[in-house]
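Asker: The structure file input.pdb (PDB, C-alpha atoms, pLDDT in the B column) is provided below.
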```
ATOM      1  CA  MET U   1      11.512  13.412  17.226  1.00 78.00           C
ATOM      2  CA  ASN U   2       8.124  11.747  17.548  1.00 91.00           C
ATOM      3  CA  THR U   3       6.375  11.157  14.231  1.00 97.00           C
ATOM      4  CA  THR U   4       2.814  10.190  13.342  1.00 98.00           C
ATOM      5  CA  TYR U   5       2.607   7.306  10.874  1.00 98.00           C
ATOM      6  CA  VAL U   6      -0.476   6.138   9.012  1.00 98.00           C
ATOM      7  CA  LEU U   7       0.056   2.657   7.538  1.00 98.00           C
ATOM      8  CA  VAL U   8      -2.183   1.483   4.682  1.00 98.00           C
ATOM      9  CA  PRO U   9      -2.025  -2.175   3.556  1.00 98.00           C
ATOM     10  CA  GLY U  10      -2.298  -3.555   0.052  1.00 98.00           C
ATOM     11  CA  PHE U  11      -4.703  -6.081  -1.456  1.00 98.00           C
ATOM     12  CA  TRP U  12      -6.459  -8.621   0.775  1.00 98.00           C
ATOM     13  CA  LEU U  13      -4.886  -7.467   4.033  1.00 98.00           C
ATOM     14  CA  GLY U  14      -5.884  -5.410   7.043  1.00 98.00           C
ATOM     15  CA  ALA U  15      -4.114  -3.491   9.761  1.00 98.00           C
ATOM     16  CA  SER U  16      -2.867  -6.666  11.455  1.00 97.00           C
ATOM     17  CA  VAL U  17      -0.195  -7.204   8.790  1.00 97.00           C
ATOM     18  CA  TRP U  18       1.541  -4.068  10.117  1.00 98.00           C
ATOM     19  CA  ARG U  19       1.615  -5.204  13.762  1.00 97.00           C
ATOM     20  CA  PRO U  20       5.373  -5.976  14.110  1.00 97.00           C
ATOM     21  CA  VAL U  21       6.282  -2.719  12.331  1.00 98.00           C
ATOM     22  CA  ALA U  22       3.764  -0.656  14.304  1.00 98.00           C
ATOM     23  CA  ASP U  23       4.946  -2.155  17.603  1.00 98.00           C
ATOM     24  CA  ALA U  24       8.577  -1.305  16.804  1.00 98.00           C
ATOM     25  CA  LEU U  25       7.689   2.286  15.910  1.00 98.00           C
ATOM     26  CA  ARG U  26       5.554   2.731  19.033  1.00 98.00           C
ATOM     27  CA  GLU U  27       8.389   1.406  21.209  1.00 97.00           C
ATOM     28  CA  HIS U  28      10.402   4.393  19.974  1.00 96.00           C
ATOM     29  CA  GLY U  29       7.680   6.834  20.959  1.00 96.00           C
ATOM     30  CA  HIS U  30       5.966   7.337  17.616  1.00 97.00           C
ATOM     31  CA  VAL U  31       2.215   7.496  17.040  1.00 98.00           C
ATOM     32  CA  VAL U  32       0.995   4.815  14.631  1.00 98.00           C
ATOM     33  CA  HIS U  33      -2.385   4.367  12.966  1.00 98.00           C
ATOM     34  CA  ALA U  34      -2.607   1.116  10.987  1.00 98.00           C
ATOM     35  CA  VAL U  35      -5.700   1.184   8.806  1.00 98.00           C
ATOM     36  CA  ASP U  36      -8.395  -1.409   8.186  1.00 98.00           C
ATOM     37  CA  LEU U  37      -9.904  -0.229   4.910  1.00 98.00           C
ATOM     38  CA  SER U  38     -13.608  -0.847   4.264  1.00 98.00           C
ATOM     39  CA  GLY U  39     -14.177  -4.547   3.641  1.00 98.00           C
ATOM     40  CA  MET U  40     -10.745  -5.559   4.928  1.00 98.00           C
ATOM     41  CA  GLY U  41      -9.380  -6.800   8.249  1.00 97.00           C
ATOM     42  CA  GLU U  42     -11.726  -6.022  11.120  1.00 96.00           C
ATOM     43  CA  HIS U  43     -13.907  -4.058   8.693  1.00 97.00           C
ATOM     44  CA  ALA U  44     -14.567  -7.121   6.539  1.00 97.00           C
ATOM     45  CA  HIS U  45     -18.310  -6.799   7.215  1.00 96.00           C
ATOM     46  CA  LEU U  46     -18.348  -3.499   5.292  1.00 97.00           C
ATOM     47  CA  ALA U  47     -17.413  -5.148   1.979  1.00 97.00           C
ATOM     48  CA  SER U  48     -19.923  -4.802  -0.828  1.00 98.00           C
ATOM     49  CA  PRO U  49     -19.944  -4.883  -4.640  1.00 98.00           C
ATOM     50  CA  GLU U  50     -19.899  -1.057  -4.492  1.00 98.00           C
ATOM     51  CA  THR U  51     -16.679  -0.825  -2.446  1.00 98.00           C
ATOM     52  CA  ASP U  52     -14.181   0.936  -4.701  1.00 98.00           C
ATOM     53  CA  LEU U  53     -10.964   2.960  -4.651  1.00 98.00           C
ATOM     54  CA  THR U  54     -12.848   6.122  -3.674  1.00 98.00           C
ATOM     55  CA  THR U  55     -14.306   4.266  -0.663  1.00 98.00           C
ATOM     56  CA  HIS U  56     -10.795   3.466   0.555  1.00 98.00           C
ATOM     57  CA  ILE U  57      -9.473   6.973  -0.096  1.00 98.00           C
ATOM     58  CA  ASP U  58     -12.418   8.309   1.909  1.00 98.00           C
ATOM     59  CA  ASP U  59     -11.455   5.950   4.768  1.00 98.00           C
ATOM     60  CA  VAL U  60      -7.987   7.491   5.031  1.00 98.00           C
ATOM     61  CA  VAL U  61      -9.105  11.098   4.538  1.00 98.00           C
ATOM     62  CA  HIS U  62     -11.735  10.649   7.264  1.00 98.00           C
ATOM     63  CA  LEU U  63      -9.099   9.240   9.634  1.00 98.00           C
ATOM     64  CA  LEU U  64      -6.793  12.211   9.016  1.00 98.00           C
ATOM     65  CA  GLU U  65      -9.604  14.748   9.454  1.00 98.00           C
ATOM     66  CA  GLN U  66     -11.491  13.141  12.339  1.00 98.00           C
ATOM     67  CA  GLN U  67      -8.307  12.556  14.368  1.00 97.00           C
ATOM     68  CA  ASP U  68      -6.966  15.950  13.197  1.00 98.00           C
ATOM     69  CA  LEU U  69      -3.697  14.314  12.177  1.00 98.00           C
ATOM     70  CA  ARG U  70      -1.033  16.638  10.758  1.00 97.00           C
ATOM     71  CA  ASP U  71       2.591  16.278   9.594  1.00 97.00           C
ATOM     72  CA  VAL U  72       1.800  12.634   8.920  1.00 98.00           C
ATOM     73  CA  VAL U  73       4.127  10.136   7.268  1.00 98.00           C
ATOM     74  CA  LEU U  74       1.579   8.404   5.040  1.00 98.00           C
ATOM     75  CA  VAL U  75       2.733   4.900   4.125  1.00 98.00           C
ATOM     76  CA  GLY U  76       1.160   2.825   1.353  1.00 98.00           C
ATOM     77  CA  HIS U  77       2.081  -0.739   0.453  1.00 98.00           C
ATOM     78  CA  SER U  78       1.261  -2.143  -3.004  1.00 97.00           C
ATOM     79  CA  TYR U  79      -2.373  -1.219  -3.833  1.00 98.00           C
ATOM     80  CA  GLY U  80      -2.380   0.872  -0.643  1.00 98.00           C
ATOM     81  CA  ALA U  81      -0.168   3.338  -2.531  1.00 97.00           C
ATOM     82  CA  LEU U  82      -3.155   4.278  -4.707  1.00 98.00           C
ATOM     83  CA  VAL U  83      -5.138   4.950  -1.552  1.00 98.00           C
ATOM     84  CA  THR U  84      -2.438   7.073   0.104  1.00 98.00           C
ATOM     85  CA  THR U  85      -1.783   9.018  -3.103  1.00 98.00           C
ATOM     86  CA  GLY U  86      -5.496   9.733  -3.463  1.00 98.00           C
ATOM     87  CA  ALA U  87      -5.751  10.841   0.169  1.00 98.00           C
ATOM     88  CA  ALA U  88      -2.696  13.095  -0.128  1.00 98.00           C
ATOM     89  CA  ASP U  89      -4.185  14.559  -3.292  1.00 98.00           C
ATOM     90  CA  ARG U  90      -7.229  15.652  -1.276  1.00 98.00           C
ATOM     91  CA  VAL U  91      -5.511  16.828   1.937  1.00 98.00           C
ATOM     92  CA  PRO U  92      -1.839  17.468   1.098  1.00 98.00           C
ATOM     93  CA  GLN U  93      -1.597  19.988   3.936  1.00 98.00           C
ATOM     94  CA  ARG U  94      -1.842  17.106   6.446  1.00 98.00           C
ATOM     95  CA  VAL U  95       0.952  14.999   4.907  1.00 98.00           C
ATOM     96  CA  ALA U  96       4.639  15.552   5.706  1.00 97.00           C
ATOM     97  CA  ARG U  97       5.878  12.700   3.505  1.00 98.00           C
ATOM     98  CA  LEU U  98       4.537   9.921   1.313  1.00 98.00           C
ATOM     99  CA  VAL U  99       6.255   6.542   1.590  1.00 98.00           C
ATOM    100  CA  TYR U 100       5.672   3.919  -1.084  1.00 98.00           C
ATOM    101  CA  ILE U 101       6.555   0.343  -0.123  1.00 98.00           C
ATOM    102  CA  ASP U 102       7.408  -1.748  -3.185  1.00 97.00           C
ATOM    103  CA  SER U 103       4.923   0.360  -5.108  1.00 96.00           C
ATOM    104  CA  GLY U 104       4.324   3.826  -6.463  1.00 94.00           C
ATOM    105  CA  PRO U 105       1.691   6.292  -7.618  1.00 95.00           C
ATOM    106  CA  LEU U 106      -0.049   5.232 -10.807  1.00 94.00           C
ATOM    107  CA  PRO U 107      -0.669   7.862 -13.476  1.00 91.00           C
ATOM    108  CA  ASP U 108      -4.032   9.614 -13.633  1.00 93.00           C
ATOM    109  CA  GLY U 109      -6.618   7.447 -15.405  1.00 94.00           C
ATOM    110  CA  MET U 110      -4.886   4.082 -14.810  1.00 94.00           C
ATOM    111  CA  ALA U 111      -6.431   1.345 -12.641  1.00 96.00           C
ATOM    112  CA  GLN U 112      -4.626  -1.121 -10.392  1.00 96.00           C
ATOM    113  CA  ALA U 113      -6.174  -3.978 -12.374  1.00 95.00           C
ATOM    114  CA  ASP U 114      -4.284  -2.809 -15.471  1.00 92.00           C
ATOM    115  CA  PHE U 115      -0.864  -2.569 -13.817  1.00 89.00           C
ATOM    116  CA  GLU U 116       0.319  -6.029 -14.889  1.00 87.00           C
ATOM    117  CA  GLY U 117      -1.183  -5.864 -18.381  1.00 88.00           C
ATOM    118  CA  PRO U 118      -4.254  -7.258 -20.168  1.00 92.00           C
ATOM    119  CA  ASP U 119      -3.476 -10.963 -19.623  1.00 95.00           C
ATOM    120  CA  ALA U 120      -3.241 -10.569 -15.846  1.00 93.00           C
ATOM    121  CA  ARG U 121      -6.366  -8.401 -15.871  1.00 95.00           C
ATOM    122  CA  ALA U 122      -8.283 -11.093 -17.785  1.00 96.00           C
ATOM    123  CA  ALA U 123      -7.067 -13.843 -15.440  1.00 96.00           C
ATOM    124  CA  ASN U 124      -8.167 -11.852 -12.391  1.00 96.00           C
ATOM    125  CA  ASP U 125     -11.514 -10.991 -13.993  1.00 96.00           C
ATOM    126  CA  ASP U 126     -12.022 -14.734 -14.453  1.00 97.00           C
ATOM    127  CA  LEU U 127     -11.114 -15.465 -10.821  1.00 97.00           C
ATOM    128  CA  VAL U 128     -13.586 -12.820  -9.665  1.00 97.00           C
ATOM    129  CA  ALA U 129     -16.328 -14.318 -11.843  1.00 97.00           C
ATOM    130  CA  THR U 130     -15.718 -17.948 -10.882  1.00 98.00           C
ATOM    131  CA  HIS U 131     -14.538 -17.735  -7.254  1.00 97.00           C
ATOM    132  CA  GLY U 132     -15.549 -14.278  -6.053  1.00 97.00           C
ATOM    133  CA  GLU U 133     -19.306 -14.077  -6.657  1.00 97.00           C
ATOM    134  CA  GLY U 134     -18.614 -11.645  -9.489  1.00 97.00           C
ATOM    135  CA  TRP U 135     -17.245  -8.859  -7.256  1.00 98.00           C
ATOM    136  CA  LYS U 136     -14.368 -10.136  -5.089  1.00 98.00           C
ATOM    137  CA  LEU U 137     -10.787 -11.219  -5.877  1.00 98.00           C
ATOM    138  CA  PRO U 138      -9.840 -14.194  -3.663  1.00 98.00           C
ATOM    139  CA  PRO U 139      -6.589 -14.030  -1.678  1.00 98.00           C
ATOM    140  CA  PRO U 140      -3.541 -15.677  -3.260  1.00 97.00           C
ATOM    141  CA  PRO U 141      -2.024 -19.000  -2.107  1.00 97.00           C
ATOM    142  CA  TRP U 142       0.212 -17.426   0.523  1.00 97.00           C
ATOM    143  CA  ALA U 143       2.147 -20.625   1.258  1.00 96.00           C
ATOM    144  CA  VAL U 144       3.092 -20.947  -2.413  1.00 96.00           C
ATOM    145  CA  LEU U 145       4.212 -17.308  -2.630  1.00 96.00           C
ATOM    146  CA  ALA U 146       6.249 -17.654   0.571  1.00 96.00           C
ATOM    147  CA  ALA U 147       7.872 -20.977  -0.342  1.00 95.00           C
ATOM    148  CA  GLU U 148      10.987 -19.289  -1.787  1.00 89.00           C
ATOM    149  CA  VAL U 149      11.316 -16.718   1.018  1.00 94.00           C
ATOM    150  CA  PRO U 150      13.391 -18.105   3.905  1.00 92.00           C
ATOM    151  CA  GLU U 151      12.444 -15.231   6.253  1.00 93.00           C
ATOM    152  CA  VAL U 152       8.740 -16.143   6.060  1.00 96.00           C
ATOM    153  CA  ASP U 153       7.962 -19.089   8.340  1.00 94.00           C
ATOM    154  CA  ASP U 154       4.810 -21.140   8.798  1.00 95.00           C
ATOM    155  CA  ALA U 155       3.534 -18.832  11.533  1.00 93.00           C
ATOM    156  CA  ALA U 156       3.862 -15.814   9.229  1.00 94.00           C
ATOM    157  CA  VAL U 157       2.026 -17.660   6.454  1.00 96.00           C
ATOM    158  CA  ALA U 158      -0.743 -18.603   8.898  1.00 94.00           C
ATOM    159  CA  ALA U 159      -1.046 -14.947   9.954  1.00 93.00           C
ATOM    160  CA  LEU U 160      -1.368 -13.906   6.288  1.00 96.00           C
ATOM    161  CA  VAL U 161      -4.047 -16.533   5.691  1.00 96.00           C
ATOM    162  CA  ASP U 162      -5.963 -15.514   8.819  1.00 95.00           C
ATOM    163  CA  GLY U 163      -5.565 -11.812   8.119  1.00 95.00           C
ATOM    164  CA  SER U 164      -6.671 -11.745   4.492  1.00 97.00           C
ATOM    165  CA  GLN U 165     -10.089 -11.235   2.912  1.00 97.00           C
ATOM    166  CA  PRO U 166     -11.268 -11.270  -0.692  1.00 98.00           C
ATOM    167  CA  GLN U 167     -10.579  -7.853  -2.261  1.00 98.00           C
ATOM    168  CA  PRO U 168     -13.605  -5.949  -3.610  1.00 98.00           C
ATOM    169  CA  TRP U 169     -12.736  -5.884  -7.307  1.00 98.00           C
ATOM    170  CA  ARG U 170     -13.998  -2.357  -7.956  1.00 98.00           C
ATOM    171  CA  THR U 171     -11.109  -1.095  -5.833  1.00 98.00           C
ATOM    172  CA  ALA U 172      -8.879  -2.430  -8.604  1.00 97.00           C
ATOM    173  CA  THR U 173     -10.949  -1.467 -11.642  1.00 98.00           C
ATOM    174  CA  GLN U 174     -11.771   2.141 -10.714  1.00 98.00           C
ATOM    175  CA  PRO U 175      -9.159   4.366 -12.402  1.00 97.00           C
ATOM    176  CA  VAL U 176      -6.981   6.692 -10.365  1.00 97.00           C
ATOM    177  CA  ALA U 177      -8.140  10.341 -10.463  1.00 96.00           C
ATOM    178  CA  LEU U 178      -5.536  12.879  -9.320  1.00 96.00           C
ATOM    179  CA  SER U 179      -5.398  16.673  -9.377  1.00 96.00           C
ATOM    180  CA  GLY U 180      -1.696  17.100  -8.549  1.00 94.00           C
ATOM    181  CA  GLY U 181      -2.060  17.971  -4.863  1.00 96.00           C
ATOM    182  CA  TRP U 182      -0.326  14.710  -3.916  1.00 97.00           C
ATOM    183  CA  GLU U 183       2.903  15.989  -5.502  1.00 95.00           C
ATOM    184  CA  ARG U 184       3.395  18.621  -2.790  1.00 96.00           C
ATOM    185  CA  PRO U 185       4.844  16.332  -0.069  1.00 96.00           C
ATOM    186  CA  PRO U 186       8.290  14.745  -0.578  1.00 96.00           C
ATOM    187  CA  ARG U 187       8.267  11.053  -1.416  1.00 97.00           C
ATOM    188  CA  THR U 188      10.295   7.982  -0.455  1.00 97.00           C
ATOM    189  CA  GLY U 189      10.294   4.719  -2.378  1.00 97.00           C
ATOM    190  CA  VAL U 190      11.176   1.566  -0.411  1.00 98.00           C
ATOM    191  CA  LEU U 191      12.209  -0.931  -3.088  1.00 97.00           C
ATOM    192  CA  CYS U 192      11.926  -4.601  -2.126  1.00 97.00           C
ATOM    193  CA  SER U 193      11.215  -6.860  -5.129  1.00 95.00           C
ATOM    194  CA  PHE U 194      13.024  -4.645  -7.634  1.00 94.00           C
ATOM    195  CA  SER U 195      16.112  -2.446  -7.410  1.00 94.00           C
ATOM    196  CA  LEU U 196      16.632   1.250  -8.054  1.00 94.00           C
ATOM    197  CA  GLU U 197      18.629   0.353 -11.164  1.00 95.00           C
ATOM    198  CA  GLN U 198      15.702  -1.718 -12.479  1.00 94.00           C
ATOM    199  CA  LEU U 199      13.277   1.112 -11.715  1.00 93.00           C
ATOM    200  CA  GLN U 200      15.396   3.623 -13.590  1.00 92.00           C
ATOM    201  CA  GLN U 201      15.579   1.274 -16.568  1.00 92.00           C
ATOM    202  CA  MET U 202      11.807   0.620 -16.614  1.00 89.00           C
ATOM    203  CA  ALA U 203      10.484   4.109 -15.953  1.00 89.00           C
ATOM    204  CA  PRO U 204      11.223   5.699 -19.367  1.00 88.00           C
ATOM    205  CA  HIS U 205       9.363   2.878 -21.153  1.00 87.00           C
ATOM    206  CA  ALA U 206       6.543   1.980 -18.724  1.00 86.00           C
ATOM    207  CA  PRO U 207       3.872   4.621 -18.004  1.00 84.00           C
ATOM    208  CA  ALA U 208       2.982   2.822 -14.768  1.00 85.00           C
ATOM    209  CA  PHE U 209       6.396   3.761 -13.337  1.00 88.00           C
ATOM    210  CA  ALA U 210       6.654   7.288 -14.720  1.00 85.00           C
ATOM    211  CA  HIS U 211       5.578   8.969 -11.457  1.00 88.00           C
ATOM    212  CA  MET U 212       8.251   7.034  -9.534  1.00 91.00           C
ATOM    213  CA  VAL U 213      11.173   9.025 -10.937  1.00 87.00           C
ATOM    214  CA  ASP U 214       9.774  12.538 -11.431  1.00 83.00           C
ATOM    215  CA  GLY U 215       9.783  15.013  -8.556  1.00 87.00           C
ATOM    216  CA  ASP U 216      11.095  14.995  -4.996  1.00 92.00           C
ATOM    217  CA  TRP U 217      12.036  11.328  -4.518  1.00 96.00           C
ATOM    218  CA  THR U 218      14.464   9.489  -2.298  1.00 96.00           C
ATOM    219  CA  TYR U 219      14.901   5.715  -2.418  1.00 97.00           C
ATOM    220  CA  VAL U 220      15.815   2.974   0.029  1.00 97.00           C
ATOM    221  CA  GLU U 221      16.515  -0.594  -1.090  1.00 97.00           C
ATOM    222  CA  LEU U 222      15.265  -3.335   1.264  1.00 98.00           C
ATOM    223  CA  PRO U 223      15.688  -6.528  -0.773  1.00 96.00           C
ATOM    224  CA  THR U 224      13.091  -9.177   0.073  1.00 96.00           C
ATOM    225  CA  TRP U 225       9.730 -10.289  -1.292  1.00 96.00           C
ATOM    226  CA  HIS U 226       6.772  -7.967  -1.927  1.00 97.00           C
ATOM    227  CA  TRP U 227       5.577  -7.979   1.728  1.00 97.00           C
ATOM    228  CA  PRO U 228       8.540  -6.681   3.775  1.00 97.00           C
ATOM    229  CA  MET U 229       6.339  -6.014   6.816  1.00 97.00           C
ATOM    230  CA  VAL U 230       6.126  -9.819   7.068  1.00 96.00           C
ATOM    231  CA  SER U 231       9.625 -10.842   6.027  1.00 96.00           C
ATOM    232  CA  ARG U 232      11.751  -7.968   7.425  1.00 97.00           C
ATOM    233  CA  PRO U 233       9.588  -5.977   9.861  1.00 97.00           C
ATOM    234  CA  ALA U 234      12.403  -4.699  12.088  1.00 97.00           C
ATOM    235  CA  GLU U 235      14.358  -3.380   9.123  1.00 98.00           C
ATOM    236  CA  LEU U 236      11.231  -1.825   7.616  1.00 98.00           C
ATOM    237  CA  ALA U 237      10.514  -0.017  10.895  1.00 98.00           C
ATOM    238  CA  GLU U 238      14.085   1.332  10.851  1.00 98.00           C
ATOM    239  CA  VAL U 239      13.593   2.572   7.290  1.00 98.00           C
ATOM    240  CA  LEU U 240      10.335   4.304   8.223  1.00 98.00           C
ATOM    241  CA  GLU U 241      12.040   5.976  11.184  1.00 96.00           C
ATOM    242  CA  SER U 242      14.874   7.183   8.981  1.00 96.00           C
ATOM    243  CA  VAL U 243      12.728   8.912   6.366  1.00 92.00           C
ATOM    244  CA  ASN U 244      11.623  11.752   8.620  1.00 78.00           C
ATOM    245  CA  ARG U 245      14.976  12.643  10.149  1.00 71.00           C
TER     246      ARG U 245
END
```
Mind converting the file's structure to structure tokens?
Answerer:
Amino acid sequence: MNTTYVLVPGFWLGASVWRPVADALREHGHVVHAVDLSGMGEHAHLASPETDLTTHIDDVVHLLEQQDLRDVVLVGHSYGALVTTGAADRVPQRVARLVYIDSGPLPDGMAQADFEGPDARAANDDLVATHGEGWKLPPPPWAVLAAEVPEVDDAAVAALVDGSQPQPWRTATQPVALSGGWERPPRTGVLCSFSLEQLQQMAPHAPAFAHMVDGDWTYVELPTWHWPMVSRPAELAEVLESVNR
């Protein structure tokens, strides 16, 4: 069965990070739209201090409506999960399944910047002020993050460096606003940097994870670092194919 996938990247990255996964899916006859959100990837020139979460949700909703995409498997990685959840909340009738890659839907009223707690928020606010002209979060040191990941070679690190842009900080500070429409499609969590057992232990105590255990969820464990489309693209493509069978 041919499936339509829409792939939304997380912080700093554009559509190019999905290329190995998208190529594998297309080889099997699927239709794949990898998204460059406003200000990211090939749309880097659209970045502005006003670019926020709503901007990025609009990007995905416009893609779904303008291309008249239906029965879509809507895939969000990391921050991209906030974007896909927001889009599905607006047009749930176009979404067959939501897939969350090493991420999940944040509760209504929470912002991505608050996910890791006040200390991380303050550190990032400082980075934005000192190295991001007051409105952009610089990309991380990819080589340092990849140093402990044997599957990520120098070429992959170079692709991450070349493919990343500073993240407009308002995308992280604007709180999520959801009406409940996003809960209509079934959901799959692809767990990479934490296990299902860890998720089930955290969820009762951490509001940020509460939406990851309530409702129509299935889970797949794909142990690797936080960017499996870089470290294990073939396996990730297989997982994405399996969710709609």
Asker: Evaluated on this file, the PyMOL selection byres ((chain U and resi 196-208) around 8) picks out some residues - which ones are they, written as a count of residues only?
Answerer: 14
Asker: Which of these, U:Glu238, U:Asp108, U:Asp119, U:Asp89, has the shortest distance to Val61 in chain U once you count only C-alpha atoms?
Answerer: U:Asp89
Asker: Running the PyMOL selection byres ((chain U and resi 139) around 8) on this model by hand, what would come out? Give it as a list of chain:residue names.
Answerer: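 Given this file, the PyMOL selection byres ((chain U and resi 139) around 8) evaluates to U:Trp12, U:Leu137, U:Pro138, U:Pro140, U:Pro141, U:Trp142, U:Ser164, U:Gln165, U:Pro166, U:Gln167.
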Asker: By how many Å are CA of Leu25 in chain U and CA of Thr171 in chain U apart?
Answerer: 28.9 Å
Asker: For Ser48 in chain U, which of U:Gly163, U:Gly132, U:Gly76, U:Pro185 is the closest residue, counting all atoms listed in the file?
Answerer: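 Using all atoms listed in the file, Ser48 in chain U sits closest to U:Gly132.
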Asker: Between U:Thr84, U:Ser179, U:Ser231, U:Thr54, which residue has the minimum interatomic distance to Pro105 in chain U, considering only C-alpha atoms?
Answerer: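 Answer, going by the shortest atom-to-atom distance: U:Thr84.
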Asker: Taking (5.2, 8.7, 13.0) in the file's coordinates as the center, which residues reach within 12 Å of it, counting all atoms listed in the file, put as a count of residues only?
Answerer: 42
Asker: Rebuild range 50-57 of chain U so that it carries all heavy atoms, then output the result as an mmCIF file, in the frame of the given file.
Answerer:
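rebuild-v2.cif, freshly written:
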```cif
data_model
loop_
_atom_site.group_PDB
_atom_site.id
_atom_site.type_symbol
_atom_site.label_atom_id
_atom_site.label_comp_id
_atom_site.auth_asym_id
_atom_site.auth_seq_id
_atom_site.Cartn_x
_atom_site.Cartn_y
_atom_site.Cartn_z
ATOM 1 N N GLU U 50 -20.117 -2.477 -4.196
ATOM 2 C CA GLU U 50 -19.899 -1.057 -4.492
ATOM 3 C C GLU U 50 -18.603 -0.518 -3.895
ATOM 4 O O GLU U 50 -18.228 0.624 -4.166
ATOM 5 C CB GLU U 50 -21.069 -0.216 -3.968
ATOM 6 C CG GLU U 50 -22.321 -0.296 -4.831
ATOM 7 C CD GLU U 50 -22.986 -1.662 -4.768
ATOM 8 O OE1 GLU U 50 -23.236 -2.155 -3.651
ATOM 9 O OE2 GLU U 50 -23.244 -2.248 -5.840
ATOM 10 N N THR U 51 -17.927 -1.295 -3.055
ATOM 11 C CA THR U 51 -16.679 -0.825 -2.446
ATOM 12 C C THR U 51 -15.637 -0.601 -3.538
ATOM 13 O O THR U 51 -15.301 -1.525 -4.279
ATOM 14 C CB THR U 51 -16.151 -1.863 -1.431
ATOM 15 O OG1 THR U 51 -17.164 -2.133 -0.463
ATOM 16 C CG2 THR U 51 -14.902 -1.357 -0.737
ATOM 17 N N ASP U 52 -15.134 0.639 -3.630
ATOM 18 C CA ASP U 52 -14.181 0.936 -4.701
ATOM 19 C C ASP U 52 -13.006 1.744 -4.160
ATOM 20 O O ASP U 52 -12.870 1.933 -2.942
ATOM 21 C CB ASP U 52 -14.875 1.646 -5.876
ATOM 22 C CG ASP U 52 -15.525 2.977 -5.481
ATOM 23 O OD1 ASP U 52 -15.264 3.472 -4.362
ATOM 24 O OD2 ASP U 52 -16.293 3.519 -6.311
ATOM 25 N N LEU U 53 -12.145 2.201 -5.064
ATOM 26 C CA LEU U 53 -10.964 2.960 -4.651
ATOM 27 C C LEU U 53 -11.357 4.224 -3.897
ATOM 28 O O LEU U 53 -10.732 4.575 -2.887
ATOM 29 C CB LEU U 53 -10.119 3.303 -5.887
ATOM 30 C CG LEU U 53 -8.897 4.193 -5.675
ATOM 31 C CD1 LEU U 53 -7.917 3.587 -4.681
ATOM 32 C CD2 LEU U 53 -8.204 4.474 -7.016
ATOM 33 N N THR U 54 -12.394 4.908 -4.356
ATOM 34 C CA THR U 54 -12.848 6.122 -3.674
ATOM 35 C C THR U 54 -13.265 5.815 -2.244
ATOM 36 O O THR U 54 -12.986 6.601 -1.321
ATOM 37 C CB THR U 54 -14.012 6.778 -4.442
ATOM 38 O OG1 THR U 54 -13.557 7.137 -5.751
ATOM 39 C CG2 THR U 54 -14.513 8.017 -3.737
ATOM 40 N N THR U 55 -13.929 4.677 -2.023
ATOM 41 C CA THR U 55 -14.306 4.266 -0.663
ATOM 42 C C THR U 55 -13.083 4.240 0.239
ATOM 43 O O THR U 55 -13.107 4.732 1.375
ATOM 44 C CB THR U 55 -14.950 2.863 -0.679
ATOM 45 O OG1 THR U 55 -15.975 2.805 -1.652
ATOM 46 C CG2 THR U 55 -15.499 2.487 0.686
ATOM 47 N N HIS U 56 -12.011 3.631 -0.261
ATOM 48 C CA HIS U 56 -10.795 3.466 0.555
ATOM 49 C C HIS U 56 -10.058 4.787 0.745
ATOM 50 O O HIS U 56 -9.514 5.051 1.828
ATOM 51 C CB HIS U 56 -9.899 2.406 -0.081
ATOM 52 C CG HIS U 56 -10.415 1.020 0.104
ATOM 53 N ND1 HIS U 56 -9.909 -0.078 -0.567
ATOM 54 C CD2 HIS U 56 -11.411 0.541 0.906
ATOM 55 C CE1 HIS U 56 -10.570 -1.159 -0.184
ATOM 56 N NE2 HIS U 56 -11.486 -0.808 0.701
ATOM 57 N N ILE U 57 -10.063 5.641 -0.270
ATOM 58 C CA ILE U 57 -9.473 6.973 -0.096
ATOM 59 C C ILE U 57 -10.256 7.748 0.964
ATOM 60 O O ILE U 57 -9.665 8.395 1.844
ATOM 61 C CB ILE U 57 -9.441 7.725 -1.438
ATOM 62 C CG1 ILE U 57 -8.455 7.040 -2.391
ATOM 63 C CG2 ILE U 57 -9.071 9.197 -1.231
ATOM 64 C CD1 ILE U 57 -8.521 7.543 -3.821
#
```
